Amino acid sequence: MRRAVVAFLTVLTISWGAGISSGNTSDVAAVTDGVRGKPGVHSLKDKDEPEAEESAEKGKDKDKDKDKGKGKDKDGKDDGKDDGKDDDKKDADGDGIRDKDDNCVDVSNSDQKDTDGDKAGDACDQDDDGDGVADAADNCALVANADQKDTDADGTGDVCDDSDGDGVFDAVDNCPTVANADQTDSDGDGTGDACEPLVGAGACLTPTIGGSEGDTVIEGTPGDDVIFDLTGDNTIRGNGGNDVICTGPGDDIVVTLGGSDRITDEGGVNTIATGAGDDDVTTGAGTDRINTGEGSDVVDAGDGNDQIQTGSGNDRVLAGQGRNIVAGGGGDDRIIGGEDADRVRAGGGRDTVRARGGDNSLQGGAGNDRLSATAGDDLLNGGPGSDRCRADGGTNRVRSCE
């Protein structure tokens, strides 16, 4: 029996010699262990092959892990990072405009307004009008004015000034001293109806009271009258109500007692006095004396050496060519002188006074006033209050101004 076992082992050793010589000692050990009664001799192949397959599968899994996240994700980037959002739908400022289309991504501006067309929305643009002056320092931020010209020194550039507050800049307003947002100009002469003599606008063509030829004295009623007299030297008295009074080129005296009156005189040496109410007074060429009462009045004086006094209220005065004397009242007045030598004294309130030419004397009142003059030897005296003064051209004297 012993010899038989030895013989068997000798044969087995010879059969596996090639494996031993090539270094596969693990296989021999496995067989030997099997012969010695240890499990494994019959499962050599079954054991090795599944382990190889499992290792291969694990390698594939690792490759998948490495590739995971590659390619375009929801944020539109090939970076393997997904922010969970689609870039095409992002709206950082919540204004309803997708970021890729928004001209101001970080500030809400659903109107996408871009005044200067530089593709940066006004809400984000530091120079909305593209004139080279930053908005923070620009005296007219939405209309280009690189020269920053501000004739009346009111802090608003000339191209943005709106004297009558009707929303139309003076530079293009056909009636800059009387509010007329519709800019109606019936006769197409370039002057808005609101600044035309009332006769031209047709307001006096259907009078309730008409004067006869020659010198006339006309008494109005306590109601709303339309009084019309274009001949002679007339004396007209409005006795209350909202009156419309039209006179011709004679030397007229017009007095109203109250209400919001409209008075138009075509010329001559006139004396006009209005009572309380928001009055509109327009005169032609001639030397006029105009005195308005309480209320926010508008005075458009024609050429001539006029004397104008306004009462309390926020008044607007436009003087024509000539040597004018203008005194403001107690409100926030805006007074524009003519092109000759004017003397203007502002009253209380925050007034704006502008002289357009000649040698002028401008005196501020008790409020914070703005005084400006051009082309002449001017005297500007701000008076009490925090006043701003500006004088261009000529030999000027400026006092009591910031």
# chains A, B, ... in the order shown; residues from 1 in each chain; ligands from 1

call {"tool": "residues_around", "arguments": {"residues": "Asp93 of chain A", "least_positions_apart": "4", "cutoff": "7 Å", "atoms": "only C-alpha atoms", "output": "PDB file with all heavy atoms, in the first residue's frame"}}
result
ATOM      1  N   VAL A 105     -28.501  92.364 -15.306  1.00  0.00           N
ATOM      2  CA  VAL A 105     -28.761  91.050 -14.702  1.00  0.00           C
ATOM      3  C   VAL A 105     -29.016  91.118 -13.201  1.00  0.00           C
ATOM      4  O   VAL A 105     -29.859  90.398 -12.679  1.00  0.00           O
ATOM      5  CB  VAL A 105     -27.577  90.090 -14.989  1.00  0.00           C
ATOM      6  CG1 VAL A 105     -27.774  88.771 -14.258  1.00  0.00           C
ATOM      7  CG2 VAL A 105     -27.455  89.859 -16.479  1.00  0.00           C
ATOM      8  N   ASP A 106     -28.337  92.004 -12.512  1.00  0.00           N
ATOM      9  CA  ASP A 106     -28.395  91.999 -11.051  1.00  0.00           C
ATOM     10  C   ASP A 106     -29.352  93.012 -10.450  1.00  0.00           C
ATOM     11  O   ASP A 106     -29.529  93.058  -9.233  1.00  0.00           O
ATOM     12  CB  ASP A 106     -26.990  92.232 -10.472  1.00  0.00           C
ATOM     13  CG  ASP A 106     -26.019  91.124 -10.859  1.00  0.00           C
ATOM     14  OD1 ASP A 106     -26.446  89.952 -10.834  1.00  0.00           O
ATOM     15  OD2 ASP A 106     -24.861  91.419 -11.180  1.00  0.00           O
ATOM     16  N   VAL A 107     -29.953  93.867 -11.283  1.00  0.00           N
ATOM     17  CA  VAL A 107     -30.914  94.858 -10.788  1.00  0.00           C
ATOM     18  C   VAL A 107     -32.202  94.712 -11.578  1.00  0.00           C
ATOM     19  O   VAL A 107     -32.181  94.701 -12.812  1.00  0.00           O
ATOM     20  CB  VAL A 107     -30.363  96.298 -10.938  1.00  0.00           C
ATOM     21  CG1 VAL A 107     -31.392  97.309 -10.433  1.00  0.00           C
ATOM     22  CG2 VAL A 107     -29.056  96.455 -10.164  1.00  0.00           C
ATOM     23  N   SER A 108     -33.317  94.607 -10.870  1.00  0.00           N
ATOM     24  CA  SER A 108     -34.611  94.412 -11.535  1.00  0.00           C
ATOM     25  C   SER A 108     -34.954  95.612 -12.427  1.00  0.00           C
ATOM     26  O   SER A 108     -34.956  96.751 -11.973  1.00  0.00           O
ATOM     27  CB  SER A 108     -35.700  94.222 -10.473  1.00  0.00           C
ATOM     28  OG  SER A 108     -36.969  94.074 -11.075  1.00  0.00           O
TER      29      SER A 108
END

call {"tool": "residues_around", "arguments": {"residues": "segment 150-163 of chain A", "least_positions_apart": "4", "cutoff": "10 Å", "atoms": "only C-alpha atoms", "output": "tab-separated table (two decimals) with all heavy atoms, in the first residue's frame"}}
result
chain	number	residue	atom	x	y	z
A	138	ASP	N	-24.17	114.45	-13.42
A	138	ASP	CA	-24.78	114.99	-14.63
A	138	ASP	C	-26.00	115.84	-14.28
A	138	ASP	O	-26.90	115.38	-13.57
A	138	ASP	CB	-25.19	113.83	-15.54
A	138	ASP	CG	-25.42	114.27	-16.98
A	138	ASP	OD1	-25.69	115.46	-17.20
A	138	ASP	OD2	-25.32	113.41	-17.87
A	139	ASN	N	-26.05	117.09	-14.77
A	139	ASN	CA	-27.20	117.95	-14.47
A	139	ASN	C	-28.38	117.69	-15.39
A	139	ASN	O	-29.42	118.35	-15.30
A	139	ASN	CB	-26.81	119.43	-14.49
A	139	ASN	CG	-26.35	119.93	-15.85
A	139	ASN	OD1	-26.55	119.28	-16.87
A	139	ASN	ND2	-25.72	121.08	-15.86
A	140	CYS	N	-28.22	116.72	-16.27
A	140	CYS	CA	-29.32	116.28	-17.13
A	140	CYS	C	-29.00	114.85	-17.54
A	140	CYS	O	-28.42	114.61	-18.59
A	140	CYS	CB	-29.43	117.20	-18.34
A	140	CYS	SG	-30.85	116.86	-19.38
A	141	ALA	N	-29.35	113.91	-16.68
A	141	ALA	CA	-28.84	112.54	-16.79
A	141	ALA	C	-29.40	111.75	-17.97
A	141	ALA	O	-28.78	110.78	-18.39
A	141	ALA	CB	-29.12	111.78	-15.49
A	142	LEU	N	-30.57	112.15	-18.49
A	142	LEU	CA	-31.18	111.36	-19.55
A	142	LEU	C	-31.14	112.02	-20.92
A	142	LEU	O	-31.65	111.47	-21.90
A	142	LEU	CB	-32.63	111.03	-19.18
A	142	LEU	CG	-32.81	110.16	-17.93
A	142	LEU	CD1	-34.28	109.91	-17.66
A	142	LEU	CD2	-32.07	108.83	-18.08
A	143	VAL	N	-30.56	113.22	-21.00
A	143	VAL	CA	-30.38	113.90	-22.29
A	143	VAL	C	-28.90	114.30	-22.38
A	143	VAL	O	-28.38	114.97	-21.49
A	143	VAL	CB	-31.28	115.14	-22.42
A	143	VAL	CG1	-31.05	115.83	-23.76
A	143	VAL	CG2	-32.74	114.78	-22.27
A	144	ALA	N	-28.26	113.90	-23.45
A	144	ALA	CA	-26.82	114.16	-23.60
A	144	ALA	C	-26.52	115.65	-23.61
A	144	ALA	O	-27.11	116.42	-24.37
A	144	ALA	CB	-26.31	113.52	-24.89
A	145	ASN	N	-25.63	116.07	-22.73
A	145	ASN	CA	-25.17	117.47	-22.68
A	145	ASN	C	-23.79	117.52	-22.06
A	145	ASN	O	-23.61	117.87	-20.90
A	145	ASN	CB	-26.16	118.37	-21.90
A	145	ASN	CG	-26.26	118.00	-20.43
A	145	ASN	OD1	-26.09	116.84	-20.05
A	145	ASN	ND2	-26.54	118.99	-19.60
A	167	GLY	N	-43.84	119.16	-18.80
A	167	GLY	CA	-43.25	117.93	-19.29
A	167	GLY	C	-42.55	118.06	-20.63
A	167	GLY	O	-42.05	117.07	-21.17
A	168	VAL	N	-42.52	119.29	-21.18
A	168	VAL	CA	-41.83	119.54	-22.45
A	168	VAL	C	-40.64	120.46	-22.17
A	168	VAL	O	-40.82	121.56	-21.64
A	168	VAL	CB	-42.77	120.19	-23.48
A	168	VAL	CG1	-42.04	120.40	-24.81
A	168	VAL	CG2	-44.02	119.34	-23.68
A	169	PHE	N	-39.44	120.01	-22.51
A	169	PHE	CA	-38.25	120.80	-22.24
A	169	PHE	C	-38.31	122.14	-22.98
A	169	PHE	O	-38.80	122.23	-24.11
A	169	PHE	CB	-36.99	120.05	-22.65
A	169	PHE	CG	-36.72	118.82	-21.85
A	169	PHE	CD1	-36.19	117.68	-22.44
A	169	PHE	CD2	-37.00	118.78	-20.49
A	169	PHE	CE1	-35.94	116.54	-21.69
A	169	PHE	CE2	-36.75	117.66	-19.74
A	169	PHE	CZ	-36.23	116.53	-20.34
A	170	ASP	N	-37.79	123.18	-22.33
A	170	ASP	CA	-37.81	124.53	-22.91
A	170	ASP	C	-37.23	124.56	-24.32
A	170	ASP	O	-37.70	125.32	-25.18
A	170	ASP	CB	-37.02	125.50	-22.03
A	170	ASP	CG	-37.74	125.80	-20.72
A	170	ASP	OD1	-38.89	125.38	-20.56
A	170	ASP	OD2	-37.13	126.47	-19.86
A	171	ALA	N	-36.19	123.77	-24.54
A	171	ALA	CA	-35.50	123.80	-25.83
A	171	ALA	C	-36.41	123.46	-27.00
A	171	ALA	O	-36.17	123.89	-28.13
A	171	ALA	CB	-34.31	122.85	-25.80
A	172	VAL	N	-37.49	122.71	-26.73
A	172	VAL	CA	-38.40	122.31	-27.81
A	172	VAL	C	-39.84	122.73	-27.53
A	172	VAL	O	-40.74	122.42	-28.31
A	172	VAL	CB	-38.34	120.79	-28.04
A	172	VAL	CG1	-36.97	120.37	-28.55
A	172	VAL	CG2	-38.68	120.02	-26.76
A	173	ASP	N	-40.07	123.46	-26.43
A	173	ASP	CA	-41.42	123.88	-26.03
A	173	ASP	C	-41.84	125.10	-26.85
A	173	ASP	O	-41.13	126.11	-26.89
A	173	ASP	CB	-41.43	124.21	-24.54
A	173	ASP	CG	-42.83	124.28	-23.96
A	173	ASP	OD1	-43.78	124.47	-24.73
A	173	ASP	OD2	-42.97	124.14	-22.73
A	175	CYS	N	-44.16	127.01	-26.14
A	175	CYS	CA	-44.66	128.02	-25.20
A	175	CYS	C	-44.02	127.73	-23.85
A	175	CYS	O	-44.64	127.11	-22.97
A	175	CYS	CB	-46.19	127.95	-25.13
A	175	CYS	SG	-46.93	129.22	-24.08
A	176	PRO	N	-42.76	128.13	-23.66
A	176	PRO	CA	-42.00	127.69	-22.49
A	176	PRO	C	-42.43	128.29	-21.16
A	176	PRO	O	-42.01	127.80	-20.11
A	176	PRO	CB	-40.56	128.11	-22.83
A	176	PRO	CG	-40.71	129.24	-23.79
A	176	PRO	CD	-41.94	128.93	-24.58
A	177	THR	N	-43.26	129.34	-21.18
A	177	THR	CA	-43.64	129.97	-19.91
A	177	THR	C	-45.06	129.65	-19.47
A	177	THR	O	-45.47	129.99	-18.37
A	177	THR	CB	-43.49	131.50	-20.00
A	177	THR	OG1	-44.34	132.01	-21.05
A	177	THR	CG2	-42.05	131.88	-20.28
A	178	VAL	N	-45.83	129.01	-20.35
A	178	VAL	CA	-47.21	128.62	-20.02
A	178	VAL	C	-47.36	127.13	-20.30
A	178	VAL	O	-47.01	126.65	-21.39
A	178	VAL	CB	-48.24	129.42	-20.85
A	178	VAL	CG1	-49.66	128.99	-20.48
A	178	VAL	CG2	-48.07	130.92	-20.63
A	179	ALA	N	-47.87	126.39	-19.31
A	179	ALA	CA	-48.00	124.94	-19.47
A	179	ALA	C	-48.93	124.60	-20.63
A	179	ALA	O	-50.07	125.07	-20.70
A	179	ALA	CB	-48.55	124.34	-18.17
A	316	ARG	N	-44.83	133.03	-12.84
A	316	ARG	CA	-43.93	132.90	-13.97
A	316	ARG	C	-43.96	134.20	-14.76
A	316	ARG	O	-45.02	134.63	-15.20
A	316	ARG	CB	-44.35	131.74	-14.88
A	316	ARG	CG	-44.36	130.38	-14.17
A	316	ARG	CD	-42.95	129.91	-13.87
A	316	ARG	NE	-42.94	128.61	-13.22
A	316	ARG	CZ	-42.92	128.44	-11.92
A	316	ARG	NH1	-42.95	129.49	-11.10
A	316	ARG	NH2	-42.88	127.23	-11.39
A	334	ARG	N	-40.41	132.22	-10.98
A	334	ARG	CA	-39.43	132.02	-12.05
A	334	ARG	C	-39.53	133.24	-12.95
A	334	ARG	O	-40.55	133.47	-13.60
A	334	ARG	CB	-39.72	130.74	-12.83
A	334	ARG	CG	-38.64	130.39	-13.82
A	334	ARG	CD	-38.92	129.05	-14.50
A	334	ARG	NE	-37.82	128.65	-15.35
A	334	ARG	CZ	-36.80	127.92	-14.98
A	334	ARG	NH1	-36.73	127.51	-13.72
A	334	ARG	NH2	-35.85	127.59	-15.82
A	335	ILE	N	-38.46	134.02	-13.00
A	335	ILE	CA	-38.46	135.28	-13.72
A	335	ILE	C	-37.35	135.25	-14.77
A	335	ILE	O	-36.19	135.03	-14.45
A	335	ILE	CB	-38.23	136.47	-12.75
A	335	ILE	CG1	-39.32	136.49	-11.67
A	335	ILE	CG2	-38.20	137.78	-13.53
A	335	ILE	CD1	-39.06	137.49	-10.55
A	336	ILE	N	-37.75	135.49	-16.01
A	336	ILE	CA	-36.79	135.52	-17.11
A	336	ILE	C	-36.82	136.91	-17.71
A	336	ILE	O	-37.85	137.37	-18.21
A	336	ILE	CB	-37.13	134.47	-18.19
A	336	ILE	CG1	-37.15	133.06	-17.56
A	336	ILE	CG2	-36.12	134.53	-19.33
A	336	ILE	CD1	-37.57	131.98	-18.51
A	351	ASP	N	-36.65	131.28	-5.56
A	351	ASP	CA	-36.86	131.90	-6.86
A	351	ASP	C	-35.72	131.57	-7.83
A	351	ASP	O	-34.57	131.37	-7.42
A	351	ASP	CB	-36.97	133.42	-6.72
A	351	ASP	CG	-38.07	133.82	-5.74
A	351	ASP	OD1	-39.19	133.30	-5.87
A	351	ASP	OD2	-37.79	134.65	-4.84
A	352	THR	N	-36.08	131.57	-9.09
A	352	THR	CA	-35.09	131.42	-10.16
A	352	THR	C	-35.17	132.66	-11.04
A	352	THR	O	-36.24	132.98	-11.56
A	352	THR	CB	-35.36	130.17	-11.00
A	352	THR	OG1	-35.26	129.01	-10.18
A	352	THR	CG2	-34.37	130.06	-12.14
A	353	VAL	N	-34.06	133.35	-11.18
A	353	VAL	CA	-34.03	134.59	-11.96
A	353	VAL	C	-32.95	134.45	-13.03
A	353	VAL	O	-31.80	134.14	-12.74
A	353	VAL	CB	-33.73	135.80	-11.06
A	353	VAL	CG1	-33.67	137.08	-11.91
A	353	VAL	CG2	-34.78	135.94	-9.96
A	354	ARG	N	-33.36	134.71	-14.27
A	354	ARG	CA	-32.42	134.59	-15.38
A	354	ARG	C	-32.47	135.85	-16.24
A	354	ARG	O	-33.55	136.27	-16.68
A	354	ARG	CB	-32.75	133.39	-16.25
A	354	ARG	CG	-31.81	133.19	-17.44
A	354	ARG	CD	-32.39	132.26	-18.49
A	354	ARG	NE	-32.76	130.97	-17.94
A	354	ARG	CZ	-33.29	129.99	-18.68
A	354	ARG	NH1	-33.52	130.18	-19.97
A	354	ARG	NH2	-33.60	128.85	-18.12
A	355	ALA	N	-31.32	136.44	-16.49
A	355	ALA	CA	-31.22	137.57	-17.42
A	355	ALA	C	-30.58	137.07	-18.71
A	355	ALA	O	-29.58	136.36	-18.68
A	355	ALA	CB	-30.39	138.68	-16.81
A	356	ARG	N	-31.16	137.45	-19.85
A	356	ARG	CA	-30.71	136.88	-21.12
A	356	ARG	C	-29.71	137.76	-21.87
A	356	ARG	O	-29.16	137.34	-22.89
A	356	ARG	CB	-31.92	136.60	-22.02
A	356	ARG	CG	-32.81	135.50	-21.48
A	356	ARG	CD	-33.97	135.22	-22.40
A	356	ARG	NE	-34.97	136.29	-22.39
A	356	ARG	CZ	-36.03	136.33	-23.19
A	356	ARG	NH1	-36.21	135.37	-24.08
A	356	ARG	NH2	-36.90	137.31	-23.11
A	369	ASP	N	-32.26	131.13	-3.56
A	369	ASP	CA	-32.51	131.55	-4.93
A	369	ASP	C	-31.41	131.11	-5.88
A	369	ASP	O	-30.29	130.82	-5.48
A	369	ASP	CB	-32.65	133.08	-4.98
A	369	ASP	CG	-33.74	133.60	-4.05
A	369	ASP	OD1	-34.84	133.02	-4.06
A	369	ASP	OD2	-33.48	134.57	-3.31
A	370	ARG	N	-31.77	131.12	-7.18
A	370	ARG	CA	-30.83	130.82	-8.25
A	370	ARG	C	-30.80	132.01	-9.20
A	370	ARG	O	-31.82	132.33	-9.81
A	370	ARG	CB	-31.25	129.55	-9.00
A	370	ARG	CG	-31.36	128.31	-8.10
A	370	ARG	CD	-30.00	127.87	-7.62
A	370	ARG	NE	-30.07	126.68	-6.78
A	370	ARG	CZ	-30.15	126.70	-5.46
A	370	ARG	NH1	-30.19	127.87	-4.82
A	370	ARG	NH2	-30.21	125.59	-4.76
A	371	LEU	N	-29.65	132.65	-9.33
A	371	LEU	CA	-29.51	133.83	-10.18
A	371	LEU	C	-28.50	133.55	-11.28
A	371	LEU	O	-27.43	132.98	-11.02
A	371	LEU	CB	-29.04	135.03	-9.35
A	371	LEU	CG	-29.78	135.34	-8.04
A	371	LEU	CD1	-29.14	136.56	-7.35
A	371	LEU	CD2	-31.26	135.59	-8.28
A	372	SER	N	-28.82	133.96	-12.51
A	372	SER	CA	-27.86	133.76	-13.59
A	372	SER	C	-28.02	134.87	-14.63
A	372	SER	O	-29.11	135.39	-14.85
A	372	SER	CB	-28.08	132.40	-14.26
A	372	SER	OG	-29.34	132.34	-14.89
A	373	ALA	N	-26.91	135.23	-15.23
A	373	ALA	CA	-26.89	136.27	-16.25
A	373	ALA	C	-25.86	135.92	-17.30
A	373	ALA	O	-24.87	135.25	-17.02
A	373	ALA	CB	-26.58	137.62	-15.63
A	374	THR	N	-26.11	136.37	-18.52
A	374	THR	CA	-25.17	136.11	-19.61
A	374	THR	C	-24.90	137.40	-20.39
A	374	THR	O	-25.74	138.29	-20.45
A	374	THR	CB	-25.75	135.06	-20.59
A	374	THR	OG1	-26.98	135.56	-21.14
A	374	THR	CG2	-26.03	133.74	-19.89
A	387	ASP	N	-27.95	130.86	-1.64
A	387	ASP	CA	-28.18	131.22	-3.04
A	387	ASP	C	-27.04	130.74	-3.93
A	387	ASP	O	-25.89	130.65	-3.51
A	387	ASP	CB	-28.32	132.74	-3.17
A	387	ASP	CG	-29.41	133.30	-2.27
A	387	ASP	OD1	-30.53	132.75	-2.31
A	387	ASP	OD2	-29.15	134.27	-1.54
A	388	ARG	N	-27.39	130.48	-5.18
A	388	ARG	CA	-26.40	130.09	-6.17
A	388	ARG	C	-26.44	131.11	-7.30
A	388	ARG	O	-27.52	131.46	-7.80
A	388	ARG	CB	-26.69	128.69	-6.71
A	388	ARG	CG	-26.51	127.59	-5.69
A	388	ARG	CD	-26.97	126.26	-6.26
A	388	ARG	NE	-26.23	125.91	-7.45
A	388	ARG	CZ	-26.52	124.83	-8.20
A	388	ARG	NH1	-27.52	124.04	-7.87
A	388	ARG	NH2	-25.81	124.56	-9.28
A	389	CYS	N	-25.27	131.59	-7.71
A	389	CYS	CA	-25.19	132.62	-8.73
A	389	CYS	C	-24.22	132.21	-9.83
A	389	CYS	O	-23.21	131.55	-9.56
A	389	CYS	CB	-24.73	133.95	-8.12
A	389	CYS	SG	-25.81	134.60	-6.82
A	390	ARG	N	-24.57	132.65	-11.05
A	390	ARG	CA	-23.68	132.35	-12.17
A	390	ARG	C	-23.75	133.50	-13.16
A	390	ARG	O	-24.84	133.89	-13.59
A	390	ARG	CB	-24.08	131.05	-12.85
A	390	ARG	CG	-23.27	130.73	-14.10
A	390	ARG	CD	-23.63	129.37	-14.63
A	390	ARG	NE	-22.94	129.06	-15.86
A	390	ARG	CZ	-23.01	127.88	-16.47
A	390	ARG	NH1	-23.73	126.91	-15.94
A	390	ARG	NH2	-22.37	127.67	-17.60
A	391	ALA	N	-22.61	134.05	-13.51
A	391	ALA	CA	-22.55	135.14	-14.47
A	391	ALA	C	-21.51	134.80	-15.53
A	391	ALA	O	-20.37	134.46	-15.20
A	391	ALA	CB	-22.18	136.44	-13.77
A	392	ASP	N	-21.91	134.87	-16.79
A	392	ASP	CA	-21.02	134.54	-17.90
A	392	ASP	C	-20.83	135.77	-18.78
A	392	ASP	O	-21.80	136.46	-19.13
A	392	ASP	CB	-21.59	133.40	-18.75
A	392	ASP	CG	-21.71	132.11	-17.97
A	392	ASP	OD1	-20.82	131.84	-17.15
A	392	ASP	OD2	-22.69	131.37	-18.19

call {"tool": "atom_distance", "arguments": {"atom1": "atom CA of Arg397 of chain A", "atom2": "atom CA of Gly331 of chain A"}}
result
26.2 Å

call {"tool": "select_by_dssp", "arguments": {"residues": "segment 110-330 of chain A", "states": "helix (DSSP H, G or I)", "output": "ChimeraX atom specification"}}
result
/A:135-137,158-160,170-172,193-195,198-201

call {"tool": "write_last_selection", "arguments": {"atoms": "C-alpha atoms", "output": "PDB file, in the first residue's frame"}}
result
ATOM      1  CA  ASP A 135     -25.105 110.229 -13.828  1.00  0.00           C
ATOM      2  CA  ALA A 136     -24.188 111.171 -10.269  1.00  0.00           C
ATOM      3  CA  ALA A 137     -22.644 114.434 -11.498  1.00  0.00           C
ATOM      4  CA  ASP A 158     -30.495 123.889 -20.110  1.00  0.00           C
ATOM      5  CA  VAL A 159     -31.473 120.937 -22.309  1.00  0.00           C
ATOM      6  CA  CYS A 160     -33.555 119.565 -19.435  1.00  0.00           C
ATOM      7  CA  ASP A 170     -37.814 124.528 -22.907  1.00  0.00           C
ATOM      8  CA  ALA A 171     -35.499 123.801 -25.828  1.00  0.00           C
ATOM      9  CA  VAL A 172     -38.405 122.312 -27.809  1.00  0.00           C
ATOM     10  CA  ASP A 193     -51.857 128.675 -28.708  1.00  0.00           C
ATOM     11  CA  ALA A 194     -51.348 129.018 -24.957  1.00  0.00           C
ATOM     12  CA  CYS A 195     -48.853 131.814 -25.665  1.00  0.00           C
ATOM     13  CA  LEU A 198     -56.356 135.346 -27.056  1.00  0.00           C
ATOM     14  CA  VAL A 199     -57.804 137.009 -30.147  1.00  0.00           C
ATOM     15  CA  GLY A 200     -55.602 134.860 -32.324  1.00  0.00           C
ATOM     16  CA  ALA A 201     -56.707 131.774 -30.409  1.00  0.00           C
TER      17      ALA A 201
END

call {"tool": "atom_distance", "arguments": {"atom1": "atom CA of Gly94 of chain A", "atom2": "atom CA of Lys113 of chain A"}}
result
16.2 Å

call {"tool": "select_by_dssp", "arguments": {"residues": "segment 213-308 of chain A", "states": "strand (DSSP E or B)", "output": "compact mmCIF listing (two decimals) with N, CA and C atoms, in the first residue's frame"}}
result
# COMPACT_ATOMS: atom_id res chain seq x y z
N VAL A 217 -65.57 152.83 -21.67
CA VAL A 217 -65.50 152.34 -20.29
C VAL A 217 -66.45 151.15 -20.22
N ILE A 218 -65.91 150.01 -19.83
CA ILE A 218 -66.72 148.78 -19.80
C ILE A 218 -66.70 148.20 -18.40
N GLU A 219 -67.88 147.91 -17.90
CA GLU A 219 -68.02 147.26 -16.59
C GLU A 219 -68.47 145.82 -16.79
N VAL A 226 -66.71 137.59 -21.12
CA VAL A 226 -65.76 137.70 -22.22
C VAL A 226 -65.93 139.11 -22.76
N ILE A 227 -64.92 139.94 -22.52
CA ILE A 227 -64.99 141.36 -22.86
C ILE A 227 -64.02 141.64 -24.01
N PHE A 228 -64.56 142.30 -25.04
CA PHE A 228 -63.80 142.47 -26.27
C PHE A 228 -63.92 143.90 -26.76
N ASP A 229 -62.78 144.59 -26.85
CA ASP A 229 -62.77 145.93 -27.41
C ASP A 229 -61.38 146.21 -27.97
N THR A 235 -61.02 151.62 -20.74
CA THR A 235 -60.95 151.29 -19.33
C THR A 235 -61.93 150.15 -19.09
N ILE A 236 -61.39 149.02 -18.64
CA ILE A 236 -62.22 147.82 -18.49
C ILE A 236 -62.07 147.32 -17.07
N ARG A 237 -63.23 147.04 -16.49
CA ARG A 237 -63.25 146.57 -15.11
C ARG A 237 -64.01 145.25 -15.06
N GLY A 238 -63.27 144.20 -14.64
CA GLY A 238 -63.93 142.93 -14.38
C GLY A 238 -64.36 142.86 -12.93
N VAL A 244 -62.38 136.76 -19.38
CA VAL A 244 -61.46 136.83 -20.52
C VAL A 244 -61.61 138.22 -21.10
N ILE A 245 -60.49 138.94 -21.17
CA ILE A 245 -60.54 140.34 -21.61
C ILE A 245 -59.51 140.54 -22.72
N CYS A 246 -59.98 141.07 -23.85
CA CYS A 246 -59.10 141.32 -24.99
C CYS A 246 -59.20 142.78 -25.39
N THR A 247 -58.05 143.43 -25.46
CA THR A 247 -58.02 144.83 -25.89
C THR A 247 -57.06 145.00 -27.05
N ILE A 253 -56.54 150.58 -19.64
CA ILE A 253 -56.48 150.28 -18.21
C ILE A 253 -57.42 149.11 -17.97
N VAL A 254 -56.88 148.03 -17.39
CA VAL A 254 -57.67 146.83 -17.13
C VAL A 254 -57.50 146.46 -15.66
N VAL A 255 -58.64 146.32 -14.97
CA VAL A 255 -58.61 145.95 -13.56
C VAL A 255 -59.60 144.80 -13.34
N THR A 256 -59.13 143.75 -12.70
CA THR A 256 -60.04 142.66 -12.32
C THR A 256 -60.00 142.51 -10.80
N GLY A 258 -61.04 139.59 -9.00
CA GLY A 258 -60.88 138.23 -8.46
C GLY A 258 -61.17 137.21 -9.52
N ARG A 262 -57.95 135.87 -17.81
CA ARG A 262 -57.01 135.87 -18.93
C ARG A 262 -57.14 137.20 -19.63
N ILE A 263 -56.04 137.92 -19.67
CA ILE A 263 -56.03 139.27 -20.23
C ILE A 263 -55.00 139.33 -21.35
N THR A 264 -55.47 139.80 -22.50
CA THR A 264 -54.57 139.97 -23.63
C THR A 264 -54.70 141.38 -24.18
N ASP A 265 -53.58 142.05 -24.30
CA ASP A 265 -53.56 143.40 -24.85
C ASP A 265 -52.56 143.43 -26.00
N THR A 271 -51.97 149.71 -18.36
CA THR A 271 -51.91 149.46 -16.92
C THR A 271 -52.86 148.31 -16.62
N ILE A 272 -52.32 147.25 -16.05
CA ILE A 272 -53.13 146.05 -15.79
C ILE A 272 -52.92 145.63 -14.35
N ALA A 273 -54.02 145.44 -13.66
CA ALA A 273 -53.97 145.00 -12.26
C ALA A 273 -54.99 143.89 -12.07
N ALA A 276 -57.05 138.51 -6.69
CA ALA A 276 -56.67 137.17 -6.28
C ALA A 276 -57.14 136.15 -7.31
N ASP A 280 -53.56 135.04 -16.09
CA ASP A 280 -52.68 134.95 -17.24
C ASP A 280 -52.73 136.28 -17.98
N VAL A 281 -51.60 136.98 -18.02
CA VAL A 281 -51.55 138.30 -18.63
C VAL A 281 -50.54 138.31 -19.76
N THR A 282 -51.00 138.68 -20.96
CA THR A 282 -50.12 138.77 -22.12
C THR A 282 -50.26 140.16 -22.73
N THR A 283 -49.16 140.85 -22.94
CA THR A 283 -49.20 142.18 -23.55
C THR A 283 -48.31 142.23 -24.78
N ARG A 289 -47.45 148.61 -17.27
CA ARG A 289 -47.36 148.45 -15.82
C ARG A 289 -48.31 147.33 -15.45
N ILE A 290 -47.75 146.26 -14.91
CA ILE A 290 -48.54 145.06 -14.62
C ILE A 290 -48.36 144.70 -13.16
N ASN A 291 -49.49 144.53 -12.48
CA ASN A 291 -49.46 144.16 -11.07
C ASN A 291 -50.45 143.02 -10.85
N VAL A 298 -49.17 134.02 -14.50
CA VAL A 298 -48.25 133.95 -15.62
C VAL A 298 -48.31 135.28 -16.35
N VAL A 299 -47.15 135.91 -16.50
CA VAL A 299 -47.08 137.21 -17.17
C VAL A 299 -46.10 137.09 -18.34
N ASP A 300 -46.61 137.36 -19.53
CA ASP A 300 -45.77 137.38 -20.73
C ASP A 300 -45.83 138.79 -21.29
N GLN A 307 -42.83 147.51 -16.24
CA GLN A 307 -42.72 147.37 -14.79
C GLN A 307 -43.70 146.28 -14.36
N ILE A 308 -43.17 145.26 -13.72
CA ILE A 308 -43.99 144.10 -13.37
C ILE A 308 -43.82 143.77 -11.90

call {"tool": "atom_distance", "arguments": {"atom1": "atom CA of Gly385 of chain A", "atom2": "atom CA of Val326 of chain A"}}
result
20.1 Å
